[in-house]
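> File follows, model_10.txt with compact mmCIF, C-alpha atoms:
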```
# COMPACT_ATOMS: atom_id res chain seq x y z
CA MET I 543 0.00 0.00 0.00
CA VAL I 544 1.34 3.48 -1.01
CA MET I 545 0.17 7.03 -0.37
CA PRO I 546 1.61 9.65 -2.73
CA SER I 547 -0.75 12.40 -1.61
CA ALA I 548 -3.01 12.85 1.38
CA PHE I 549 -4.35 16.27 0.44
CA SER I 550 -5.38 16.09 -3.21
CA SER I 551 -8.94 16.99 -4.05
CA ARG I 552 -9.70 13.50 -5.32
CA SER I 553 -7.85 10.27 -4.74
CA ASP I 554 -8.18 6.52 -4.42
CA LEU I 555 -7.22 4.62 -1.32
CA ILE I 556 -5.86 1.26 -2.32
CA ILE I 557 -4.55 -1.99 -0.96
CA SER I 558 -1.81 -3.80 -2.85
CA ILE I 559 -2.06 -7.56 -3.17
CA LYS I 560 0.52 -9.75 -4.95
CA THR I 561 -0.93 -12.81 -6.64
CA PRO I 562 0.65 -15.78 -8.43
CA SER I 563 1.08 -15.93 -12.18
CA ASN I 564 -1.63 -18.56 -12.62
CA ALA I 565 -4.19 -18.43 -9.84
CA SER I 566 -6.43 -20.90 -11.67
CA ASP I 567 -3.93 -23.69 -11.06
CA LEU I 568 -4.39 -23.72 -7.29
CA GLY I 569 -4.33 -27.19 -5.83
CA THR I 570 -7.20 -28.67 -3.91
CA SER I 571 -4.99 -29.02 -0.85
CA SER I 572 -1.72 -27.60 0.40
CA SER I 573 1.06 -30.11 -0.26
CA VAL I 574 4.71 -30.43 0.69
CA TRP I 575 7.46 -31.84 -1.54
CA SER I 576 10.38 -33.72 0.00
CA GLU I 577 14.00 -33.16 -1.05
CA ASP I 578 13.91 -36.22 -3.33
CA GLY I 579 10.83 -34.91 -5.12
CA ALA I 580 8.28 -37.17 -3.45
CA LEU I 581 4.87 -35.66 -2.71
CA MET I 582 4.08 -35.65 0.99
CA THR I 583 0.74 -35.02 2.68
CA ASP I 584 0.55 -31.66 4.39
CA LEU I 585 -0.42 -31.95 8.05
CA PHE I 586 -2.81 -29.06 7.48
CA ASP I 587 -5.01 -31.52 5.62
CA ARG I 588 -5.59 -33.35 8.89
CA LEU I 589 -6.93 -30.24 10.60
CA PRO I 590 -10.71 -29.69 10.51
CA ASP I 591 -12.04 -26.54 8.88
CA SER I 592 -13.12 -25.16 12.26
CA ILE I 593 -9.52 -25.14 13.51
CA LEU I 594 -8.22 -23.49 10.36
CA LEU I 595 -10.87 -20.81 10.70
CA VAL I 596 -9.64 -20.08 14.22
CA VAL I 597 -6.13 -19.64 12.81
CA PHE I 598 -7.29 -17.38 9.99
CA ASN I 599 -9.34 -15.26 12.40
CA LYS I 600 -6.24 -14.79 14.54
CA ILE I 601 -4.36 -13.55 11.47
CA GLY I 602 -6.96 -10.88 10.75
CA ASP I 603 -4.83 -8.75 8.41
CA VAL I 604 -6.45 -8.76 4.99
CA LYS I 605 -3.14 -8.78 3.08
CA ALA I 606 -1.89 -11.82 5.00
CA LEU I 607 -5.26 -13.49 4.42
CA GLY I 608 -4.89 -12.72 0.73
CA ARG I 609 -1.62 -14.62 0.66
CA CYS I 610 -3.23 -17.54 2.49
CA CYS I 611 -6.06 -17.43 -0.01
CA VAL I 612 -3.82 -18.42 -2.93
CA VAL I 613 -2.28 -21.46 -1.22
CA SER I 614 -5.07 -23.87 -2.15
CA ARG I 615 -8.74 -24.06 -3.01
CA ARG I 616 -9.46 -25.21 0.52
CA PHE I 617 -7.68 -22.22 2.01
CA HIS I 618 -9.40 -19.95 -0.51
CA SER I 619 -12.86 -21.08 0.55
CA LEU I 620 -12.05 -20.91 4.27
CA VAL I 621 -10.37 -17.51 4.22
CA LEU I 622 -13.53 -15.95 2.83
CA GLN I 623 -15.45 -17.29 5.84
CA VAL I 624 -13.41 -15.46 8.50
CA ASP I 625 -15.37 -13.19 10.83
CA ASN I 626 -12.51 -10.95 12.01
CA VAL I 627 -10.74 -8.74 9.46
CA VAL I 628 -8.27 -5.85 9.71
CA VAL I 629 -7.73 -3.65 6.66
CA ARG I 630 -4.60 -1.48 6.77
CA VAL I 631 -4.83 1.13 4.07
CA ASP I 632 -1.49 2.17 2.69
CA CYS I 633 -1.97 4.38 -0.23
CA VAL I 634 -3.91 7.22 -1.74
CA ILE I 635 -3.30 7.82 -5.45
CA SER I 636 -4.15 11.27 -6.77
CA ASP I 637 -6.12 11.81 -9.93
CA SER I 638 -4.58 14.05 -12.57
CA ASP I 639 -7.30 16.65 -12.13
CA SER I 640 -6.74 17.02 -8.39
CA HIS I 641 -5.41 20.54 -8.75
CA SER I 642 -7.65 21.73 -11.56
CA PRO I 643 -9.52 25.05 -11.26
CA SER I 644 -12.82 23.19 -11.27
CA ALA I 645 -11.67 21.11 -8.32
CA SER I 646 -10.67 24.24 -6.48
CA SER I 647 -14.01 25.79 -7.29
CA SER I 648 -15.77 22.68 -6.04
CA SER I 649 -13.78 22.87 -2.82
CA SER I 650 -14.80 26.42 -2.18
CA THR I 651 -18.47 25.69 -2.63
CA ARG I 652 -18.36 23.22 0.23
CA ILE I 653 -17.38 25.88 2.74
CA PRO I 654 -20.59 27.17 4.31
CA SER I 655 -21.24 30.87 4.15
CA ASN I 656 -20.92 32.34 7.62
CA LYS I 657 -20.73 36.03 6.84
CA GLY I 658 -22.14 38.16 9.58
CA ARG I 659 -22.31 35.24 12.02
CA GLY I 660 -19.76 36.54 14.49
CA VAL I 661 -16.69 34.83 15.91
CA LEU I 662 -17.86 31.23 15.43
CA GLY I 663 -18.79 31.98 11.84
CA GLN I 664 -15.23 33.12 11.16
CA LEU I 665 -13.84 30.11 13.01
CA ALA I 666 -16.05 27.69 11.07
CA HIS I 667 -14.87 29.23 7.79
CA LEU I 668 -11.26 28.93 8.93
CA VAL I 669 -11.63 25.32 10.07
CA LEU I 670 -13.64 24.11 7.08
CA GLY I 671 -11.36 25.88 4.66
CA GLY I 672 -8.31 24.30 6.29
CA ILE I 673 -9.49 20.68 6.20
CA VAL I 674 -11.87 20.48 3.25
CA ARG I 675 -9.15 19.08 0.95
CA PRO I 676 -8.25 16.23 3.32
CA LEU I 677 -11.95 15.44 3.59
CA GLN I 678 -12.20 15.23 -0.20
CA VAL I 679 -9.43 12.64 -0.01
CA LEU I 680 -11.55 10.73 2.48
CA SER I 681 -14.43 10.82 0.02
CA GLN I 682 -12.50 8.29 -2.06
CA ILE I 683 -11.05 6.24 0.79
CA LEU I 684 -13.79 3.66 1.10
CA ALA I 685 -15.50 3.95 -2.27
CA PRO I 686 -14.85 1.43 -5.05
CA ARG I 687 -12.44 2.63 -7.71
CA ASN I 688 -14.03 3.37 -11.08
CA SER I 689 -11.53 1.37 -13.09
CA SER I 690 -12.56 -1.11 -15.74
CA ASN I 691 -9.57 -3.34 -15.06
CA ALA I 692 -9.77 -3.31 -11.27
CA THR I 693 -9.93 -6.82 -9.84
CA THR I 694 -12.70 -7.52 -7.36
CA ASP I 695 -11.68 -10.99 -6.26
CA LEU I 696 -9.19 -11.12 -3.40
CA SER I 697 -7.05 -13.74 -5.05
CA CYS I 698 -7.71 -13.52 -8.76
CA SER I 699 -5.14 -12.00 -11.10
CA SER I 700 -3.94 -13.11 -14.50
CA SER I 701 -0.28 -12.19 -14.05
CA SER I 702 2.36 -12.07 -11.34
CA GLU I 703 1.96 -8.40 -10.41
CA VAL I 704 0.74 -6.13 -7.67
CA SER I 705 -2.89 -5.19 -8.21
CA HIS I 706 -4.58 -2.32 -6.41
CA HIS I 707 -7.90 -2.46 -4.61
CA SER I 708 -10.11 -0.24 -2.50
CA PRO I 709 -11.24 -1.60 0.89
CA THR I 710 -14.74 -2.07 -0.53
CA GLN I 711 -13.38 -4.29 -3.29
CA VAL I 712 -11.09 -6.28 -1.01
CA LEU I 713 -13.93 -7.01 1.41
CA LYS I 714 -16.50 -7.76 -1.25
CA ASN I 715 -16.13 -11.55 -1.14
CA PHE I 716 -15.99 -11.85 2.64
CA LYS I 717 -19.54 -12.80 3.61
CA GLU I 718 -19.18 -13.66 7.30
CA ILE I 719 -17.42 -10.61 8.76
CA ARG I 720 -18.57 -9.74 12.26
CA ARG I 721 -15.65 -7.62 13.45
CA LEU I 722 -13.94 -5.17 11.10
CA ARG I 723 -11.20 -2.64 11.73
CA ILE I 724 -9.95 -0.26 9.06
CA ASP I 725 -6.70 1.63 9.73
CA LEU I 726 -6.15 4.80 7.71
CA PRO I 727 -2.56 5.83 6.93
CA SER I 728 -2.85 9.08 8.90
CA GLY I 729 -5.26 11.37 10.71
CA GLU I 730 -7.16 14.00 8.74
CA LEU I 731 -6.29 16.92 10.99
CA GLY I 732 -2.85 18.45 10.89
CA VAL I 733 -1.63 19.39 14.36
CA GLU I 734 1.68 20.96 15.26
CA ASP I 735 4.40 19.00 17.00
CA GLY I 736 3.91 19.00 20.74
CA VAL I 737 0.12 19.47 20.50
CA LEU I 738 -2.25 16.72 21.61
CA LEU I 739 -5.58 16.11 19.87
CA LYS I 740 -7.51 12.84 20.13
CA TRP I 741 -11.17 12.01 19.57
CA THR I 742 -13.46 9.01 19.81
CA ALA I 743 -16.92 9.06 18.21
CA ASP I 744 -19.85 6.65 18.27
CA PHE I 745 -22.33 6.70 15.39
CA GLY I 746 -25.57 5.03 14.39
CA SER I 747 -27.35 6.70 11.49
CA THR I 748 -26.03 9.96 13.00
CA LEU I 749 -23.71 11.03 15.78
CA HIS I 750 -24.43 9.35 19.13
CA SER I 751 -21.51 10.74 21.09
CA CYS I 752 -18.01 12.16 20.71
CA VAL I 753 -15.28 12.66 23.27
CA ILE I 754 -12.33 14.95 22.50
CA LEU I 755 -9.12 15.32 24.49
CA GLY I 756 -6.69 18.08 23.63
CA ALA I 757 -3.73 19.91 25.10
CA SER I 758 -1.89 22.93 23.76
CA THR I 759 1.40 21.32 24.83
CA ILE I 760 2.42 17.76 25.72
CA MET I 761 5.85 17.16 27.24
CA SER I 762 7.75 15.07 29.76
CA SER I 763 7.76 16.09 33.42
CA SER I 764 11.56 16.49 33.32
CA ALA I 765 11.13 19.33 30.85
CA VAL I 766 8.87 21.46 33.03
CA ALA I 767 9.07 22.76 36.59
CA THR I 768 6.40 21.96 39.17
CA PRO I 769 3.53 24.44 38.68
CA SER I 770 2.66 27.03 41.27
CA ALA I 771 -0.78 27.29 42.81
CA SER I 772 -1.68 30.05 40.38
CA THR I 773 -1.30 27.71 37.40
CA ILE I 774 -4.21 25.54 38.47
CA SER I 775 -6.70 28.37 38.79
CA VAL I 776 -9.79 27.82 36.63
CA LYS I 777 -12.65 30.08 35.69
CA ASN I 778 -15.93 28.57 36.89
CA ASN I 779 -18.29 30.47 34.67
CA LEU I 780 -17.94 30.29 30.90
CA THR I 781 -20.99 32.27 29.83
CA GLU I 782 -19.82 34.14 26.75
CA ASP I 783 -22.02 33.37 23.78
CA ILE I 784 -20.30 32.77 20.50
CA ASP I 785 -22.66 32.53 17.55
CA GLY I 786 -23.98 28.97 17.69
CA LEU I 787 -21.87 28.23 20.78
CA SER I 788 -23.03 29.27 24.24
CA GLY I 789 -22.01 28.28 27.72
CA ASP I 790 -23.40 28.58 31.17
CA ASP I 791 -22.35 27.61 34.67
CA SER I 792 -24.11 28.61 37.85
CA SER I 793 -20.91 29.03 39.89
CA ASN I 794 -18.79 32.19 39.94
CA ASN I 795 -15.79 31.13 42.02
CA ASP I 796 -12.23 31.36 40.70
CA SER I 797 -11.54 32.41 37.16
CA ILE I 798 -9.71 31.48 34.00
CA PRO I 799 -7.03 34.10 33.35
CA GLU I 800 -8.15 36.81 30.96
CA THR I 801 -5.42 35.69 28.59
CA PHE I 802 -7.45 32.54 27.93
CA TYR I 803 -9.77 34.73 25.85
CA THR I 804 -7.21 37.10 24.37
CA ASN I 805 -4.37 34.79 23.38
CA GLY I 806 -6.45 32.48 21.21
CA SER I 807 -6.84 29.62 23.72
CA LEU I 808 -10.64 29.66 23.53
CA LYS I 809 -10.57 29.93 19.75
CA LEU I 810 -8.20 26.98 19.55
CA ARG I 811 -10.58 24.75 21.52
CA VAL I 812 -13.48 25.71 19.28
CA VAL I 813 -11.34 24.77 16.27
CA TRP I 814 -10.47 21.42 17.87
CA THR I 815 -14.12 20.65 18.48
CA ILE I 816 -15.44 21.61 15.06
CA SER I 817 -12.63 19.96 13.10
CA SER I 818 -12.86 16.70 15.09
CA LEU I 819 -16.60 16.52 14.49
CA ILE I 820 -16.15 17.14 10.76
CA ALA I 821 -13.48 14.43 10.51
CA ALA I 822 -15.68 11.95 12.38
CA SER I 823 -18.75 12.70 10.28
CA ALA I 824 -16.74 12.35 7.05
CA ARG I 825 -15.49 8.92 8.09
CA HIS I 826 -19.01 7.83 9.02
CA TYR I 827 -20.51 8.93 5.70
CA LEU I 828 -17.98 6.93 3.72
CA LEU I 829 -18.58 3.67 5.58
CA GLN I 830 -22.06 3.26 4.10
CA PRO I 831 -21.15 0.99 1.15
CA ILE I 832 -19.17 -1.38 3.37
CA ILE I 833 -21.96 -1.60 5.94
CA ALA I 834 -24.53 -2.16 3.19
CA ASP I 835 -22.46 -5.04 1.74
CA HIS I 836 -21.95 -6.82 5.07
CA ASP I 837 -25.13 -7.39 7.04
CA THR I 838 -23.29 -9.76 9.41
CA LEU I 839 -21.18 -6.92 10.85
CA GLU I 840 -21.47 -6.52 14.62
CA LYS I 841 -18.51 -4.25 15.35
CA LEU I 842 -16.77 -1.70 13.16
CA ASP I 843 -13.82 0.55 14.07
CA LEU I 844 -12.25 3.11 11.75
CA THR I 845 -8.90 4.30 13.11
CA ASP I 846 -5.74 5.96 11.83
CA ALA I 847 -2.02 5.26 12.19
CA ASP I 848 -1.47 8.55 14.02
CA GLY I 849 -3.86 7.54 16.79
CA GLN I 850 -5.75 10.76 16.25
CA GLY I 851 -9.34 9.59 15.90
CA VAL I 852 -11.48 6.48 16.34
CA LEU I 853 -14.96 6.00 14.90
CA ARG I 854 -16.86 3.12 16.54
CA MET I 855 -20.10 1.36 15.69
CA ASN I 856 -21.60 -1.58 17.57
CA LYS I 857 -24.25 -4.06 16.46
CA GLU I 858 -27.22 -1.87 17.43
CA GLN I 859 -25.70 1.21 15.80
CA LEU I 860 -24.95 -0.70 12.60
CA GLY I 861 -28.53 -1.95 12.55
CA GLU I 862 -29.80 1.60 12.99
CA LEU I 863 -27.79 2.79 9.99
CA ARG I 864 -29.20 0.02 7.80
CA VAL I 865 -32.83 0.98 8.48
CA LYS I 866 -32.45 4.76 8.76
CA PRO I 867 -30.75 6.64 5.92
CA VAL I 868 -27.87 8.99 6.62
CA SER I 869 -28.52 12.71 6.29
CA ALA I 870 -25.72 14.35 4.33
CA SER I 871 -24.47 17.81 5.19
CA GLY I 872 -25.33 19.79 2.07
CA SER I 873 -23.03 18.91 -0.83
CA SER I 874 -20.29 17.69 1.51
CA HIS I 875 -19.30 14.03 1.66
CA ARG I 876 -20.04 13.75 5.36
CA THR I 877 -22.92 13.04 7.69
CA LEU I 878 -24.90 15.98 9.02
CA VAL I 879 -23.87 16.80 12.59
CA PRO I 880 -27.03 17.43 14.68
CA ALA I 881 -27.50 20.20 17.24
CA LEU I 882 -25.30 19.34 20.18
CA ASN I 883 -24.99 19.64 23.93
CA MET I 884 -21.43 19.65 25.18
CA ARG I 885 -19.67 19.50 28.51
CA LEU I 886 -16.17 20.89 28.79
CA TRP I 887 -13.49 20.43 31.45
CA TYR I 888 -10.27 22.45 31.52
CA ALA I 889 -7.02 22.42 33.50
CA PRO I 890 -3.98 24.53 32.70
CA HIS I 891 -1.56 21.83 33.94
CA LEU I 892 -1.87 18.06 34.35
CA GLU I 893 0.82 15.59 35.37
CA LEU I 894 0.09 12.01 34.31
CA PRO I 895 1.65 8.64 35.12
CA GLY I 896 4.79 7.93 33.16
CA GLY I 897 6.05 11.50 33.35
CA VAL I 898 3.65 12.97 30.78
CA VAL I 899 2.63 16.58 31.32
CA LEU I 900 -0.30 18.29 29.57
CA LYS I 901 -0.59 22.06 29.45
CA GLY I 902 -3.94 23.59 28.60
CA ALA I 903 -5.63 20.19 28.92
CA THR I 904 -9.23 20.17 27.66
CA LEU I 905 -11.84 17.41 27.65
CA VAL I 906 -15.10 17.75 25.72
CA ALA I 907 -18.01 15.27 25.89
CA ILE I 908 -20.57 15.75 23.10
CA GLN I 909 -24.07 14.37 22.53
CA PRO I 910 -27.06 15.36 20.37
CA SER I 911 -29.34 17.90 22.02
CA ASP I 912 -32.32 15.54 21.86
CA ASN I 913 -30.47 12.88 23.87
CA THR I 914 -31.87 13.01 27.42
CA SER I 915 -29.19 10.81 29.00
CA SER I 916 -25.61 11.93 29.61
CA LEU I 917 -22.41 10.01 29.02
CA ASP I 918 -21.22 8.61 32.33
CA GLU I 919 -17.69 9.22 33.56
CA GLU I 920 -16.61 5.63 32.91
CA CYS I 921 -17.63 5.83 29.24
CA ILE I 922 -15.76 9.10 28.83
CA SER I 923 -12.54 7.89 30.45
CA ARG I 924 -12.64 4.60 28.51
CA ALA I 925 -12.63 6.52 25.23
CA PHE I 926 -8.84 6.87 25.45
CA GLU I 927 -5.92 4.54 26.11
CA GLU I 928 -3.52 5.25 28.96
CA PRO I 929 -2.18 7.61 30.04
CA TYR I 930 -4.91 9.70 28.39
CA GLY I 931 -7.70 7.78 30.12
CA THR I 932 -6.17 8.96 33.39
CA ALA I 933 -6.12 12.53 32.06
CA ALA I 934 -9.85 12.26 31.31
CA ARG I 935 -10.59 10.94 34.81
CA ILE I 936 -8.66 13.82 36.40
CA LEU I 937 -10.38 16.42 34.24
CA LEU I 938 -13.80 14.97 35.09
CA LYS I 939 -13.21 15.94 38.73
CA ARG I 940 -12.91 19.59 37.77
CA ARG I 941 -15.74 22.05 37.19
CA THR I 942 -18.00 21.37 34.22
CA TYR I 943 -18.89 23.97 31.59
CA CYS I 944 -22.12 23.43 29.64
CA LEU I 945 -22.08 24.42 25.98
CA GLU I 946 -24.35 24.22 22.96
CA MET I 947 -23.64 24.08 19.24
CA ASN I 948 -25.95 24.31 16.24
CA SER I 949 -26.26 21.63 13.59
CA PHE I 950 -23.82 21.91 10.69
```
Will you turn the file into structure tokens for me?


Amino acid sequence: MVMPSAFSSRSDLIISIKTPSNASDLGTSSSVWSEDGALMTDLFDRLPDSILLVVFNKIGDVKALGRCCVVSRRFHSLVLQVDNVVVRVDCVISDSDSHSPSASSSSSTRIPSNKGRGVLGQLAHLVLGGIVRPLQVLSQILAPRNSSNATTDLSCSSSSEVSHHSPTQVLKNFKEIRRLRIDLPSGELGVEDGVLLKWTADFGSTLHSCVILGASTIMSSSAVATPSASTISVKNNLTEDIDGLSGDDSSNNDSIPETFYTNGSLKLRVVWTISSLIAASARHYLLQPIIADHDTLEKLDLTDADGQGVLRMNKEQLGELRVKPVSASGSSHRTLVPALNMRLWYAPHLELPGGVVLKGATLVAIQPSDNTSSLDEECISRAFEEPYGTAARILLKRRTYCLEMNSF
């Protein structure tokens, strides 16, 4: 798998699979030849299919399964019955028209008009303008390639060469998948070195919940002195309304330093929230063809190699998507994000196990406004691996800020 460009306006995500020169000559069983040329029975032939399926399910990786698939007809038939598959995407190939004026024009039309809508309007324009091209790349990540000579069978090729496939094509002949994980080559959102941004989102036919953890700086404890008492002071009332984003808290003790508003810290957290939600909704929208092709799916995770974001869907959520169509956000290739209620926790300095220090640590828990139940603390902290789960648990003990955001 190769990825020449991650930011072209249109691209194909592919998986490379090497196949033998004559796949039609596969044997009915896997055999071993002795040094003197005598044919020996392979011990695999003595194993029942159920045991081989356990082995193949432990392998998981679709490229390794592809190699197993060409060993014999028996292996070929069994590999396609596995219920646990991992697809590691390695390349995005740009189309020749990726930088054409029409593509640029198309990109600009996907940025919502927010003139006259105040600070959040400007922020939304900035965020959407900054990540719309990566999202256009995502629009091709999980869609079948429109190529007349693309091979749809996992193991079928007429020559000894590397053929390229989209995840949809590679998975097409797997009919028993229950657990599927797709790993993207990188996260969609560019963050500077030393900045932490992670998100985990759960979807059905629309967003169910999203948890975001960010920090303006992440470093080792040896690189920073112990903070004074003044560094852990927090404002307890975040009531400023930003167009489409409003907060309220009934307490008025302590305060966030005024610089939080003037040095761009608040703006940065709004950008984190909006951009993470857009990335999550783009991933969700593009999973539709895979979910439609595999009605046996019970668990689906879409991750990235950077560890930036995780989209999760369980059996009930997958079932919801199959019966309730996805609402697209205008002409964008992403799912419409509903009106949201958010809870935010902030600490200027956190020291975590293992010597990790977060400065400007922020935790945001997001749910649709029409959801009457709140995410419990355990669900929020479990959204991240350690030491970031610990960071979430510490932040949850701090004061909560209640926020709202309009649908977009």

> For a test of reading the model, state the distance in Å between atom CA of Gln850 of chain I and atom CA of Ile760 of chain I, rounded to one decimal.

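Taking atom CA of Gln850 of chain I as the start and atom CA of Ile760 of chain I as the end point, the length is 14.3 Å.
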
> Near Thr845 of chain I, counting only C-alpha atoms, which residues have an atom at most 7 Å away, once you skip same-chain residues fewer than 6 positions from it, shown as a PyMOL selection string?

chain I and resi 724-726+851-853

> From the options I:Gly756, I:Gly608, I:Pro929, I:Gly746, which residue's atoms come nearest to Val906 of chain I, counting all atoms listed in the file?

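Looking at the shortest contact to Val906 of chain I, the residue is I:Gly756.
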
> Assuming 4 Å of padding per side, give the centre and edge lengths of the axis-aligned box around every listed atom of segment 806-812 of chain I, in Å to one decimal and as lines of an AutoDock Vina configuration file.


```
center_x = -10.0
center_y = 28.6
center_z = 21.5
size_x = 15.0
size_y = 15.7
size_z = 12.4
```

> So how far away is atom CA of Arg924 of chain I from atom CA of Asp837 of chain I, in Å?

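Between atom CA of Asp837 of chain I and atom CA of Arg924 of chain I the gap is 27.6 Å.
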
> For atom CA of Arg864 of chain I and atom CA of Phe745 of chain I, determine how far apart the two atoms are, in Å to one decimal place.

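Calculated distance between atom CA of Arg864 of chain I and atom CA of Phe745 of chain I is 12.2 Å.
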
> Using all atoms listed in the file, find the one residue out of I:Trp887, I:Ser747, I:Arg811, I:Ile816 that sits nearest to Lys866 of chain I.

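Closest to Lys866 of chain I, using all atoms listed in the file: I:Ser747.
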
> So that I can see what lies close to Val879 of chain I, please list as number ranges by chain the residues with an atom at most 9 Å from it, counting only C-alpha atoms and leaving out residues fewer than 2 positions away in the same chain.

I: 748-749, 819-820, 823, 869-871, 876-877, 881-882, 910, 948-950

> Excluding Ser818 of chain I and residues on its chain fewer than 6 positions from it, collect all residues at most 12 Å away from it, counting all atoms listed in the file, and give them as a PyMOL selection string.

chain I and resi 669-670+673+677+729-733+739-743+752-756+811-812+824-825+850-853+879+906+908

> If we count all atoms listed in the file and set the cut-off at 6 Å, which residues sit around Lys841 of chain I, ignoring sequence neighbours fewer than 2 positions away in its own chain? Please answer as an mmCIF file with C-alpha atoms, in the frame of the given file.


```
data_model
loop_
_atom_site.group_PDB
_atom_site.id
_atom_site.type_symbol
_atom_site.label_atom_id
_atom_site.label_comp_id
_atom_site.auth_asym_id
_atom_site.auth_seq_id
_atom_site.Cartn_x
_atom_site.Cartn_y
_atom_site.Cartn_z
ATOM 1 C CA ARG I 721 -15.650 -7.620 13.450
ATOM 2 C CA LEU I 839 -21.180 -6.920 10.850
ATOM 3 C CA MET I 855 -20.100 1.360 15.690
ATOM 4 C CA ASN I 856 -21.600 -1.580 17.570
ATOM 5 C CA LYS I 857 -24.250 -4.060 16.460
#
```

> Would you mind telling me which residue in I:Asp603, I:Glu718, I:Asp918, I:Asp625 lies nearest to Asp835 of chain I when using only C-alpha atoms?

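Counting only C-alpha atoms, the residue closest to Asp835 of chain I is I:Glu718.
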
> My list of candidates is I:Ser817, I:Ser763, I:Ser751, I:Ser874. Which is closest to Ile922 of chain I when distances are computed with all atoms listed in the file?

I:Ser751
